[in-house]
Amino acid sequence: TDGNSKGADNTAVEITELGVDFGSVTALADVSLSIDDGEFFTLVGPSGCGKTTLLRSIAGLETPSRGSVSLGGQDVTDEPPEERNVGIVFQDYSLFPHLSVAENVAYGLQFHDLSESRDTEARVTELLELVDLAGFSDREPGQLSGGQKQRVALARALAPEPDVLLLDEPLSALDAQLRKELRVQIKTIQRDLGITTVYVTHDQAEALAISDRIAVMRNGRLQQVDTPETVYRQPASRAVAEFIGDNNVFEGNVADDGRHLDVGGTLVPLPEGGNRAAGQSRTVSIRPEALSVTDGQRADAPTLSARVETVEFLGDAYRVHCRWNDRSIVVKTAATTPPEGAVDLQFDAEDVHILEPQRSGSTR
Ligand code: ATP
């Protein structure tokens, strides 16, 4: 599809060939992206991949070196942040410490229509209810937990009814349990309001959990843009496979029959329709939960003979770190006792995913 199509009136954010340099560092290289109205869109990737720079470029807090940003069909590349109708929440809350919760939220309304005080009060009350903080209006930020502060920051960002909500690692400073609770709350509020949301995280599980679509980034480029399910099940590249979902990734050469990959002397079957020319070098991925630990019961299933090295108990499953030939391989099993010693790892050829060689710079 043509990423530049104008006038598609359900496009909320359109990024075209965007590049951002900091001196000799290219933080973003040739990024093109369309985000639909009402979509929950997440930028995910390792530290330094350019997520924050892309989000800040949408907000107008970063000046692009190349390319353009459009919001709601308007080119805003040269507009300052206050001319773009976006709301932002940062990792560190950025609340005013000497203002009350209500005043912090009302601050978000200051330059907007509801400046008349009774309306402001009603709107603040409504927003605090939305983020489940009714009754907290008179507190100061110092009297709030991290999760509560972040909900105030969210209410403040939503106050002026922005067209786009931008969230930069909003949960990173919170503990694991709270992170999970708050991400559900953010998702629920987002869906209820139907607000276009761009969310930045380095946490792949968080990205998979809350998003309509994900952009996996690396080295200032988009690696794959798709639904969480597709990114998880059909990673577009080795980088995506390794970053999302704990995949096992193996390299080998296609065997003479064209239907197996020779991985260090073991023939790993390729999926149906996955035939390749003999001798070609290929990389495949297998998800940890696609492997099962057996005693070789499944006579027809492909088998890898491995040795258990370390077992982690996850509550509902074990994550088993094994050694297979000279490689490490991870299995997730719902067994009730931890496997040990020599094991057979069996799988279906359909669960082997062939990673096509990366085309440079392309995301589609
Ligand atoms: P993190 O998760 O660590 O915040 P990120 O994916 O958000 O990382 P960015 O903050 O966008 O990455 O940074 C992308 C690249 O640009 C990095 O190499 C970073 O060091 C560099 N960079 C970002 N901001 C600046 C700046 N103001 N001056 C110089 N280099 C910068």
# chains A, B, ... in the order shown; residues from 1 in each chain; ligands from 1
>>> residues_around(residues="Pro162 of chain A", least_positions_apart="2", cutoff="8 Å", atoms="only C-alpha atoms", output="list in words")
Asn85, Val86, Gly87, Ala157, Leu158, Ala159, Pro160, Val164 and Leu165 of chain A
>>> select_by_dssp(residues="segment 25-240 of chain A", states="alpha helix (DSSP H)", output="PyMOL selection string")
chain A and resi 51-59+101-107+117-130+146-158+176-193+204-210+228-233+238-240
>>> residues_around(residues="Asp295 of chain A", least_positions_apart="6", cutoff="9 Å", atoms="only C-alpha atoms", output="VMD selection string")
chain A and resid 343 to 345
>>> residues_near_ligand(ligand="ligand 1", cutoff="9 Å", atoms="only C-alpha atoms and all ligand atoms", output="PDB file with C-alpha atoms, in the first residue's frame")
ATOM      1  CA  VAL A  20      16.197  12.928  12.792  1.00  0.00           C
ATOM      2  CA  ASP A  21      19.946  13.469  13.275  1.00  0.00           C
ATOM      3  CA  PHE A  22      21.710  14.549  16.441  1.00  0.00           C
ATOM      4  CA  GLY A  23      25.079  15.644  15.094  1.00  0.00           C
ATOM      5  CA  SER A  24      26.558  12.537  13.551  1.00  0.00           C
ATOM      6  CA  VAL A  25      24.021  10.220  15.253  1.00  0.00           C
ATOM      7  CA  THR A  26      21.048   9.253  13.107  1.00  0.00           C
ATOM      8  CA  ALA A  27      18.298   8.660  15.681  1.00  0.00           C
ATOM      9  CA  LEU A  28      15.599   8.113  13.041  1.00  0.00           C
ATOM     10  CA  LEU A  43       6.472   1.784  19.333  1.00  0.00           C
ATOM     11  CA  VAL A  44       8.605  -0.941  20.851  1.00  0.00           C
ATOM     12  CA  GLY A  45      12.285  -1.777  20.678  1.00  0.00           C
ATOM     13  CA  PRO A  46      15.516  -1.882  22.646  1.00  0.00           C
ATOM     14  CA  SER A  47      17.017   1.151  24.334  1.00  0.00           C
ATOM     15  CA  GLY A  48      18.318   3.729  21.869  1.00  0.00           C
ATOM     16  CA  CYS A  49      16.318   2.463  18.870  1.00  0.00           C
ATOM     17  CA  GLY A  50      14.599   5.831  18.386  1.00  0.00           C
ATOM     18  CA  LYS A  51      11.164   5.299  19.966  1.00  0.00           C
ATOM     19  CA  THR A  52      11.243   8.449  22.065  1.00  0.00           C
ATOM     20  CA  THR A  53      12.606  10.516  19.202  1.00  0.00           C
ATOM     21  CA  LEU A  54       9.717   9.387  16.994  1.00  0.00           C
ATOM     22  CA  LEU A  55       7.151  10.170  19.697  1.00  0.00           C
ATOM     23  CA  ARG A  56       8.729  13.581  20.348  1.00  0.00           C
ATOM     24  CA  GLU A  62      11.950  17.363  18.123  1.00  0.00           C
ATOM     25  CA  ASP A 168       6.305   7.753  26.670  1.00  0.00           C
ATOM     26  CA  GLU A 169       7.074   4.702  28.836  1.00  0.00           C
ATOM     27  CA  VAL A 200       6.297   3.933  23.709  1.00  0.00           C
ATOM     28  CA  THR A 201       7.707   0.984  25.622  1.00  0.00           C
ATOM     29  CA  HIS A 202      10.786  -1.237  25.651  1.00  0.00           C
ATOM     30  CA  MET A 217      12.066  -0.507  15.922  1.00  0.00           C
ATOM     31  CA  ARG A 218      15.799  -0.996  15.760  1.00  0.00           C
ATOM     32  CA  ASN A 219      18.622   1.396  14.936  1.00  0.00           C
ATOM     33  CA  GLY A 220      16.221   4.214  14.055  1.00  0.00           C
TER      34      GLY A 220
END
>>> residues_around(residues="Ser292 of chain A", least_positions_apart="2", cutoff="9 Å", atoms="only C-alpha atoms", output="NGL selection string")
:A and (288-290 or 294 or 331-333 or 344-347)
>>> closest_residue(among="A:Val225, A:Ile189, A:Ala349, A:Val330", to="Asp300 of chain A", atoms="only C-alpha atoms")
A:Ala349
>>> residues_around(residues="Gly265 of chain A", least_positions_apart="6", cutoff="12 Å", atoms="only C-alpha atoms", output="list in words")
Glu251, Gly252, Asn253, Val254, Ala255, Leu304, Trp324, Asn325 and Asp326 of chain A
>>> write_last_selection(atoms="N, CA and C atoms", output="PDB file, in the first residue's frame")
ATOM      1  N   GLU A 251      20.275 -20.904  12.516  1.00  0.00           N
ATOM      2  CA  GLU A 251      20.716 -20.761  11.138  1.00  0.00           C
ATOM      3  C   GLU A 251      21.150 -22.106  10.600  1.00  0.00           C
ATOM      4  N   GLY A 252      20.992 -22.300   9.308  1.00  0.00           N
ATOM      5  CA  GLY A 252      21.461 -23.546   8.711  1.00  0.00           C
ATOM      6  C   GLY A 252      21.453 -23.441   7.208  1.00  0.00           C
ATOM      7  N   ASN A 253      21.735 -24.559   6.555  1.00  0.00           N
ATOM      8  CA  ASN A 253      21.681 -24.612   5.103  1.00  0.00           C
ATOM      9  C   ASN A 253      20.577 -25.572   4.676  1.00  0.00           C
ATOM     10  N   VAL A 254      19.860 -25.194   3.637  1.00  0.00           N
ATOM     11  CA  VAL A 254      18.775 -26.046   3.162  1.00  0.00           C
ATOM     12  C   VAL A 254      19.374 -27.366   2.654  1.00  0.00           C
ATOM     13  N   ALA A 255      18.777 -28.484   3.142  1.00  0.00           N
ATOM     14  CA  ALA A 255      19.292 -29.809   2.778  1.00  0.00           C
ATOM     15  C   ALA A 255      18.961 -30.139   1.324  1.00  0.00           C
ATOM     16  N   LEU A 304      14.405 -33.072  18.697  1.00  0.00           N
ATOM     17  CA  LEU A 304      15.748 -32.569  18.994  1.00  0.00           C
ATOM     18  C   LEU A 304      16.171 -33.177  20.324  1.00  0.00           C
ATOM     19  N   TRP A 324      21.202 -27.853  23.125  1.00  0.00           N
ATOM     20  CA  TRP A 324      20.978 -28.764  22.005  1.00  0.00           C
ATOM     21  C   TRP A 324      22.166 -28.609  21.066  1.00  0.00           C
ATOM     22  N   ASN A 325      22.920 -29.689  20.866  1.00  0.00           N
ATOM     23  CA  ASN A 325      24.235 -29.570  20.219  1.00  0.00           C
ATOM     24  C   ASN A 325      24.994 -28.459  20.949  1.00  0.00           C
ATOM     25  N   ASP A 326      25.461 -27.465  20.226  1.00  0.00           N
ATOM     26  CA  ASP A 326      26.180 -26.392  20.900  1.00  0.00           C
ATOM     27  C   ASP A 326      25.311 -25.176  21.133  1.00  0.00           C
TER      28      ASP A 326
END
>>> atom_distance(atom1="atom CA of Gly245 of chain A", atom2="atom CA of Leu270 of chain A")
20.3 Å
>>> closest_residue(among="A:Val105, A:Ala317, A:Leu33, A:Leu61", to="Arg213 of chain A", atoms="only C-alpha atoms")
A:Leu33
>>> closest_residue(among="A:Arg66, A:Lys180, A:Lys187, A:His260", to="Gly38 of chain A", atoms="only C-alpha atoms")
A:Lys187
>>> closest_residue(among="A:Thr196, A:Gln177, A:Gln297, A:Ser281", to="Glu161 of chain A", atoms="only C-alpha atoms")
A:Thr196
>>> select_by_dssp(residues="segment 262-324 of chain A", states="strand (DSSP E or B)", output="ChimeraX atom specification")
/A:262-263,266-269,281-286,292-294,303-313,318-324
>>> closest_residue(among="A:Thr310, A:Ala12, A:Ala301, A:Thr42", to="Gln204 of chain A", atoms="only C-alpha atoms")
A:Thr42
>>> closest_residue(among="A:Ile244, A:Gly194, A:Val184, A:Arg323", to="Ala215 of chain A", atoms="only C-alpha atoms")
A:Ile244
